[in-house]
$ cat start.tsv   # TSV, C-alpha atoms
chain	number	residue	atom	x	y	z
A	802	MET	CA	2.18	-11.89	3.15
A	803	ALA	CA	5.19	-12.64	1.04
A	804	GLY	CA	7.55	-10.27	2.82
A	805	SER	CA	8.33	-8.64	6.11
A	806	GLY	CA	5.55	-6.04	6.09
A	807	SER	CA	2.55	-6.60	8.35
A	808	ALA	CA	-1.05	-6.84	7.20
A	809	ALA	CA	-1.56	-3.21	8.26
A	810	SER	CA	1.57	-1.83	6.64
A	811	PRO	CA	3.10	-3.59	3.65
A	812	LEU	CA	6.45	-2.35	2.34
A	813	ALA	CA	5.48	-2.76	-1.30
A	814	ARG	CA	2.57	-3.92	-3.42
A	815	ALA	CA	2.79	-5.60	-6.81
A	816	LEU	CA	0.04	-6.42	-9.26
A	817	LEU	CA	0.81	-9.14	-11.80
A	818	GLN	CA	-1.12	-9.36	-15.06
A	819	GLN	CA	-0.69	-11.82	-17.92
A	820	CYS	CA	-0.62	-10.34	-21.41
A	821	LEU	CA	-0.48	-11.46	-25.01
A	822	SER	CA	1.14	-8.12	-25.80
A	823	ALA	CA	1.54	-4.74	-24.11
A	824	ARG	CA	2.66	-1.32	-25.24
A	825	LEU	CA	3.60	1.46	-22.81
A	826	GLN	CA	4.24	5.10	-23.62
A	827	VAL	CA	7.38	6.11	-21.71
A	828	LYS	CA	7.69	9.63	-23.10
A	829	PRO	CA	4.74	11.76	-24.22
A	830	PRO	CA	4.81	13.57	-27.56
A	831	GLU	CA	6.28	17.07	-27.46
A	832	PRO	CA	6.59	19.75	-30.10
A	833	GLY	CA	9.23	18.45	-32.51
A	834	SER	CA	9.33	14.87	-31.13
A	835	GLU	CA	6.98	11.93	-31.22
A	836	ALA	CA	5.92	9.85	-28.24
A	837	ARG	CA	8.30	7.03	-27.25
A	838	TRP	CA	6.89	3.56	-26.56
A	839	VAL	CA	8.19	0.23	-25.27
A	840	GLN	CA	6.51	-3.04	-26.15
A	841	ILE	CA	6.50	-6.69	-25.17
A	842	GLU	CA	4.82	-9.74	-26.63
A	843	ARG	CA	3.45	-12.61	-24.51
A	844	GLY	CA	4.47	-12.26	-20.92
A	845	LEU	CA	3.86	-10.57	-17.62
A	846	ILE	CA	3.11	-7.00	-16.62
A	847	ILE	CA	4.34	-6.11	-13.13
A	848	TYR	CA	2.78	-2.98	-11.63
A	849	ILE	CA	4.77	-1.90	-8.57
A	850	CYS	CA	4.30	0.54	-5.68
A	851	PHE	CA	6.66	1.13	-2.76
A	852	PHE	CA	5.56	2.39	0.65
A	853	LYS	CA	7.33	4.57	3.22
A	854	GLY	CA	10.00	2.63	5.09
A	855	THR	CA	10.92	0.30	2.23
A	856	THR	CA	14.65	-0.33	1.89
A	857	GLU	CA	16.91	-1.98	-0.69
A	858	GLU	CA	17.11	-5.17	1.41
A	859	ILE	CA	13.63	-6.35	0.37
A	860	VAL	CA	14.09	-5.82	-3.38
A	861	PRO	CA	15.99	-9.10	-4.14
A	862	LYS	CA	13.27	-11.07	-2.32
A	863	MET	CA	10.60	-9.21	-4.32
A	864	VAL	CA	12.36	-10.01	-7.60
A	865	ASN	CA	12.69	-13.68	-6.65
A	866	THR	CA	8.99	-13.90	-5.76
A	867	LEU	CA	7.70	-11.95	-8.78
A	868	LEU	CA	9.76	-13.88	-11.34
A	869	ASN	CA	9.19	-17.33	-9.84
A	870	VAL	CA	5.49	-17.31	-8.93
A	871	LYS	CA	3.71	-19.89	-11.11
A	872	LEU	CA	1.02	-17.90	-12.92
A	873	SER	CA	1.79	-18.48	-16.60
A	874	GLU	CA	-0.16	-21.23	-18.31
A	875	THR	CA	1.63	-23.48	-20.80
A	876	GLU	CA	0.02	-25.05	-23.88
A	877	GLY	CA	-0.57	-28.17	-21.77
A	878	GLY	CA	-2.41	-26.26	-19.03
A	879	LYS	CA	0.41	-26.44	-16.49
A	880	TYR	CA	1.27	-23.27	-14.54
A	881	VAL	CA	4.90	-22.14	-14.59
A	882	SER	CA	6.88	-19.03	-13.71
A	883	ILE	CA	7.49	-16.32	-16.30
A	884	LEU	CA	11.14	-17.50	-16.40
A	885	ASP	CA	10.08	-21.07	-17.18
A	886	LEU	CA	7.47	-20.09	-19.77
A	887	PRO	CA	9.61	-18.15	-20.93
A	888	GLY	CA	7.92	-14.80	-21.44
A	889	SER	CA	8.76	-11.11	-21.64
A	890	ILE	CA	8.28	-8.70	-18.74
A	891	LEU	CA	6.96	-5.13	-18.59
A	892	ILE	CA	7.49	-3.33	-15.27
A	893	ILE	CA	5.29	-0.30	-14.61
A	894	PRO	CA	5.58	1.97	-11.57
A	895	GLN	CA	2.06	2.44	-10.24
A	896	ALA	CA	1.74	4.84	-7.30
A	897	THR	CA	-2.04	4.45	-7.32
A	898	LEU	CA	-1.62	0.93	-5.88
A	899	GLY	CA	-0.80	2.71	-2.61
A	900	GLY	CA	-4.08	4.57	-2.42
A	901	LYS	CA	-6.49	4.33	0.49
A	902	LEU	CA	-10.07	5.51	0.32
A	903	LYS	CA	-10.90	8.31	2.74
A	904	GLY	CA	-14.48	9.41	2.30
A	905	ARG	CA	-14.86	9.59	-1.46
A	906	ASN	CA	-11.26	10.52	-2.20
A	907	MET	CA	-8.13	8.46	-2.61
A	908	GLN	CA	-5.14	9.39	-0.46
A	909	TYR	CA	-1.54	8.30	-0.97
A	910	HIS	CA	0.09	9.22	2.35
A	911	ALA	CA	1.66	5.77	2.76
A	912	ASN	CA	3.57	5.95	-0.55
A	913	ILE	CA	7.33	6.35	-0.50
A	914	GLU	CA	8.91	9.69	-1.41
A	915	LYS	CA	9.45	10.03	-5.17
A	916	GLU	CA	13.28	10.15	-5.08
A	917	ARG	CA	13.53	7.13	-2.77
A	918	GLY	CA	10.96	5.22	-4.80
A	919	ASN	CA	12.92	5.90	-7.98
A	920	VAL	CA	16.05	4.35	-6.41
A	921	LEU	CA	14.13	1.22	-5.38
A	922	TYR	CA	12.38	1.01	-8.76
A	923	SER	CA	15.71	1.23	-10.62
A	924	LEU	CA	17.15	-1.52	-8.41
A	925	LEU	CA	14.10	-3.73	-9.04
A	926	VAL	CA	14.41	-3.27	-12.81
A	927	THR	CA	18.17	-3.97	-12.75
A	928	LEU	CA	17.78	-7.16	-10.69
A	929	CYS	CA	14.94	-8.40	-12.93
A	930	GLU	CA	17.10	-7.76	-16.03
A	931	ARG	CA	19.96	-9.74	-14.47
A	932	GLU	CA	17.68	-12.69	-13.70
A	933	LEU	CA	16.30	-12.66	-17.24
A	934	MET	CA	19.80	-12.50	-18.81
A	935	ALA	CA	21.08	-15.29	-16.54
A	936	ASN	CA	18.21	-17.61	-17.51
A	937	ALA	CA	19.13	-19.82	-20.48
A	938	LYS	CA	15.50	-20.43	-21.52
A	939	CYS	CA	14.84	-16.68	-21.64
A	940	SER	CA	18.05	-15.96	-23.58
A	941	GLU	CA	17.31	-18.66	-26.16
A	942	ALA	CA	13.70	-17.48	-26.59
A	943	GLY	CA	14.79	-13.85	-26.98
A	944	VAL	CA	12.41	-12.56	-24.34
A	945	VAL	CA	12.87	-8.97	-23.20
A	946	LEU	CA	12.32	-6.81	-20.17
A	947	LYS	CA	10.92	-3.33	-20.73
A	948	HIS	CA	9.94	-0.79	-18.11
A	949	GLY	CA	8.13	2.46	-17.59
A	950	THR	CA	9.42	5.77	-16.26
A	951	TYR	CA	9.11	6.31	-12.52
A	952	GLY	CA	7.00	9.29	-11.50
A	953	ASN	CA	5.36	9.89	-14.90
A	954	ARG	CA	1.82	9.19	-16.04
A	955	GLN	CA	2.01	6.71	-18.89
A	956	VAL	CA	-0.37	5.41	-21.55
A	957	LEU	CA	-0.78	1.62	-21.57
A	958	LYS	CA	-2.30	-0.62	-24.23
A	959	VAL	CA	-2.75	-4.28	-23.29
A	960	ASP	CA	-4.02	-7.33	-25.13
A	961	THR	CA	-4.90	-10.21	-22.80
A	962	ASN	CA	-6.75	-13.47	-22.94
A	963	GLY	CA	-8.31	-12.55	-19.61
A	964	PRO	CA	-7.15	-10.14	-16.91
A	965	PHE	CA	-5.89	-12.97	-14.65
A	966	THR	CA	-4.53	-10.35	-12.24
A	967	HIS	CA	-2.88	-11.16	-8.91
A	968	MET	CA	-1.78	-8.89	-6.06
A	969	ILE	CA	1.24	-9.67	-3.89
A	970	GLU	CA	2.25	-7.61	-0.87
A	971	PHE	CA	5.70	-7.58	0.67

$ encode --input "start.tsv" --output "structure tokens"
Amino acid sequence: MAGSGSAASPLARALLQQCLSARLQVKPPEPGSEARWVQIERGLIIYICFFKGTTEEIVPKMVNTLLNVKLSETEGGKYVSILDLPGSILIIPQATLGGKLKGRNMQYHANIEKERGNVLYSLLVTLCERELMANAKCSEAGVVLKHGTYGNRQVLKVDTNGPFTHMIEF
């Protein structure tokens, strides 16, 4: 466990996935307007889910862990953080990460309330943006942080050189 949650009840769950590029629909098409998309090139996709009882206090620790875990492979085969690579970041709220199987159905009773989750998600995005802007390597390389819309189903297109997916609980 990376955070203060116990094995039985984490406060949040993140899934990290490397990508060569990713494109996320943040607003579906409507009559008179096209769909809106955000896109990143090589970097990291962070899927995030908050559980009931999560507070703002854990978010800075989450950001520190997520941005500094050494999962990105350099040309030389060394593993570095996304900040040291440097690479872009796409943050996607993913309530389904909180699902538990009951019989043949998934249930999401442990997930945080939507309004509260949106506050925590916004804080996570803001703190990640600050870390990216404060990092000289990231600024020089022109990497970006993009994010999805909390509480909406979104279309995702990803190009990877292997899923290389990791889960971290807090």

$ residues_around --input "start.tsv" --residues "A:Thr856" --least-positions-apart "6" --cutoff "9 Å" --atoms "all atoms listed in the file" --output "ChimeraX atom specification"
/A:812,917,921

$ closest_residue --input "start.tsv" --among "A:Ala815, A:Leu821, A:Cys850, A:Ile859" --to "A:Thr897" --atoms "only C-alpha atoms"
A:Cys850

$ closest_residue --input "start.tsv" --among "A:Thr875, A:Ser834, A:Gln895, A:Gln819" --to "A:Arg954" --atoms "all atoms listed in the file"
A:Gln895

$ atom_distance --input "start.tsv" --atom1 "atom CA of A:His910" --atom2 "atom CA of A:Gly952"
15.5 Å

$ residues_around --input "start.tsv" --residues "stretch 940-944 of chain A" --least-positions-apart "5" --cutoff "10 Å" --atoms "all atoms listed in the file" --output "list in words"
Ile841, Glu842, Arg843, Gly844, Leu884, Leu886, Pro887, Gly888, Ser889, Ile890, Leu933, Met934 and Ala935 of chain A

$ closest_residue --input "start.tsv" --among "A:Gln840, A:Gln955, A:Thr961, A:Thr950" --to "A:Leu891" --atoms "only C-alpha atoms"
A:Gln840

$ atom_distance --input "start.tsv" --atom1 "atom CA of A:Gly963" --atom2 "atom CA of A:Pro894"
21.6 Å

$ atom_distance --input "start.tsv" --atom1 "atom CA of A:His967" --atom2 "atom CA of A:Arg814"
10.6 Å

$ closest_residue --input "start.tsv" --among "A:Tyr909, A:Tyr848, A:Trp838, A:Tyr951" --to "A:Thr966" --atoms "all atoms listed in the file"
A:Tyr848

$ residues_near_point --input "start.tsv" --point "(-5.4, 2.3, -0.1)" --cutoff "12 Å" --atoms "only C-alpha atoms" --output "ChimeraX atom specification"
/A:809-811,814,850,852,896-904,906-912

$ closest_residue --input "start.tsv" --among "A:Leu946, A:Leu825, A:Leu872, A:Leu957" --to "A:Val926" --atoms "only C-alpha atoms"
A:Leu946

$ build_atoms --input "start.tsv" --residues "stretch 873-891 of chain A" --atoms "N, CA and C atoms" --output "compact mmCIF listing (two decimals), keeping the file's coordinate frame"
# COMPACT_ATOMS: atom_id res chain seq x y z
N SER A 873 1.87 -18.41 -15.14
CA SER A 873 1.79 -18.48 -16.60
C SER A 873 1.39 -19.87 -17.05
N GLU A 874 0.36 -19.95 -17.87
CA GLU A 874 -0.16 -21.23 -18.31
C GLU A 874 0.52 -21.67 -19.60
N THR A 875 1.01 -22.92 -19.60
CA THR A 875 1.63 -23.48 -20.80
C THR A 875 0.55 -24.03 -21.72
N GLU A 876 0.96 -24.45 -22.92
CA GLU A 876 0.02 -25.05 -23.88
C GLU A 876 -0.69 -26.24 -23.26
N GLY A 877 -0.01 -26.97 -22.40
CA GLY A 877 -0.57 -28.17 -21.77
C GLY A 877 -1.43 -27.89 -20.55
N GLY A 878 -1.58 -26.61 -20.18
CA GLY A 878 -2.41 -26.26 -19.03
C GLY A 878 -1.69 -26.23 -17.71
N LYS A 879 -0.39 -26.47 -17.72
CA LYS A 879 0.41 -26.44 -16.49
C LYS A 879 0.80 -24.98 -16.20
N TYR A 880 0.86 -24.62 -14.91
CA TYR A 880 1.27 -23.27 -14.54
C TYR A 880 2.75 -23.24 -14.19
N VAL A 881 3.46 -22.29 -14.79
CA VAL A 881 4.90 -22.14 -14.59
C VAL A 881 5.22 -20.67 -14.34
N SER A 882 6.44 -20.42 -13.91
CA SER A 882 6.88 -19.03 -13.71
C SER A 882 7.12 -18.37 -15.07
N ILE A 883 7.22 -17.06 -15.06
CA ILE A 883 7.49 -16.32 -16.30
C ILE A 883 8.87 -16.70 -16.85
N LEU A 884 9.81 -17.07 -15.97
CA LEU A 884 11.14 -17.50 -16.40
C LEU A 884 11.08 -18.86 -17.08
N ASP A 885 10.19 -19.74 -16.60
CA ASP A 885 10.08 -21.07 -17.18
C ASP A 885 9.20 -21.11 -18.42
N LEU A 886 8.37 -20.09 -18.61
CA LEU A 886 7.47 -20.09 -19.77
C LEU A 886 8.24 -20.18 -21.07
N PRO A 887 9.22 -19.47 -21.43
CA PRO A 887 9.61 -18.15 -20.93
C PRO A 887 8.79 -17.05 -21.60
N GLY A 888 8.67 -15.92 -20.91
CA GLY A 888 7.92 -14.80 -21.44
C GLY A 888 8.59 -13.48 -21.12
N SER A 889 8.19 -12.45 -21.84
CA SER A 889 8.76 -11.11 -21.64
C SER A 889 8.11 -10.45 -20.42
N ILE A 890 8.74 -9.39 -19.95
CA ILE A 890 8.28 -8.70 -18.74
C ILE A 890 8.20 -7.20 -19.01
N LEU A 891 7.11 -6.59 -18.55
CA LEU A 891 6.96 -5.13 -18.59
C LEU A 891 6.71 -4.67 -17.16
